[in-house]
Amino acid sequence: MTTKKTAAEKTTAEKPAKKAATKKAAPAGKAAPAGKAAAEPATAEAAPARKTAAKKAAAKKTAPAKKAAPTKATPTKTSATKTSAAKKATAAKKAPAKKAPAKKSPAPKPPGFAKRESRAVMVKRAHAINEVLAETYPYAHPELDFEDPFQLLVATVLSAQTTDLRVNQTTPALFAKYPTPEDMAAAVPEELEELIRPTGFFRAKARSLLGLSAALRDDFDGEVPATVDALVKLPGVGRKTAFVVLGNAFGVPGITVDTHFGRLARRWKWTTSEDPVKVESDVAAIFEPSEWTMLSHRVIFHGRRICHSRRPACGACPVAPLCPSYGEGETDPEKAKKLLKYEKGGMPGQRLKPPADYPGPPAPPLGG
């Protein structure tokens, strides 16, 4: 009896142990449930896991939905950015059109020109410019009509603050009435003033003509002296006038520094001075005396015809490749051609009686 009970008791004791083992094994999901008792705990514990998985799946689905809003908004921003960029690009294209006038700045210097150059290079360039001018103006000459040193002296005094053309139109009547220094020294001031009125500043010029004529009559036997020192002592005669007379009436070399010559000498960097005497000295140091007189004519010709004070015709200038001031004037060739004067522009020159080799027509007489 004892043995049977013990076996029964063992059987009874084993059942709870098996249940306990089944409960522990069920969550692992490795052992298959043996009965209802085993299936129920597995289902009860799997339910929370499924809910958790469902929540995670829902969260994943929800996350793209939340990110979708920015994704939809992004095209809108991109579109706005593209629109803004397009407007900026359009504005940028329009901007140069508004600033077009500012592009009329001086043109760049010709290739090969150095902003800073040694004196040796400057002198070499100056001689090259003189050669170009000689080829351009082989007919260069004094642009005052005269037949003797006295007429040239009088005409040069009258040329101050006026054009050579106006002087040439005035002197025929003047020399017809007063052909010699003695005649002019004896002139009635009012009558002399009336004859030279077209040249401007006629009262001051009349005093100079009366004074120099009397000095020639009294001190030089009615002859024009052939030295600078003697000429500059005459009323109304300075170095410029003296060198015009010496170079063209006596063949004595001299540099004539008028407004045209001084302007071009500074543009070409031959000098930086505004003082005519200093300009004369600086240029004389660059060229041989044998070149002085003709150099003066060529430079003055160029200043009157092409290299003007306000609007140089840079685009039609033969000196352009050598000019450090290229671009100060009109660089367009067609527009520059319209700025040319006298024979270069197809117009008459300043002389009523030009030299035989002058290529342009003579100037008309006063009132012509």
# chains A, B, ... in the order shown; residues from 1 in each chain; ligands from 1
$ residues_around --residues "Gly346 (chain A)" --least-positions-apart "6" --cutoff "10 Å" --atoms "only C-alpha atoms" --output "JSON, numbers by chain"
{"A": [340, 359, 360, 361]}
$ residues_around --residues "region 155-172 of chain A" --least-positions-apart "4" --cutoff "7 Å" --atoms "only C-alpha atoms" --output "MDAnalysis selection string"
chainID A and resid 143:145 151 176 196 198:199 205 236:237 241 350:352 365:366
$ select_by_dssp --residues "region 92-255 of chain A" --states "alpha helix (DSSP H)" --output "JSON, numbers by chain"
{"A": [92, 93, 94, 95, 96, 97, 98, 119, 120, 121, 122, 123, 124, 125, 126, 127, 128, 129, 130, 131, 132, 133, 134, 135, 136, 149, 150, 151, 152, 153, 154, 155, 156, 157, 158, 164, 165, 166, 167, 168, 169, 170, 171, 172, 173, 174, 175, 176, 177, 181, 182, 183, 184, 185, 189, 190, 191, 192, 193, 194, 195, 196, 202, 203, 204, 205, 206, 207, 208, 209, 210, 211, 212, 213, 214, 215, 216, 217, 218, 219, 228, 229, 230, 231, 239, 240, 241, 242, 243, 244, 245]}
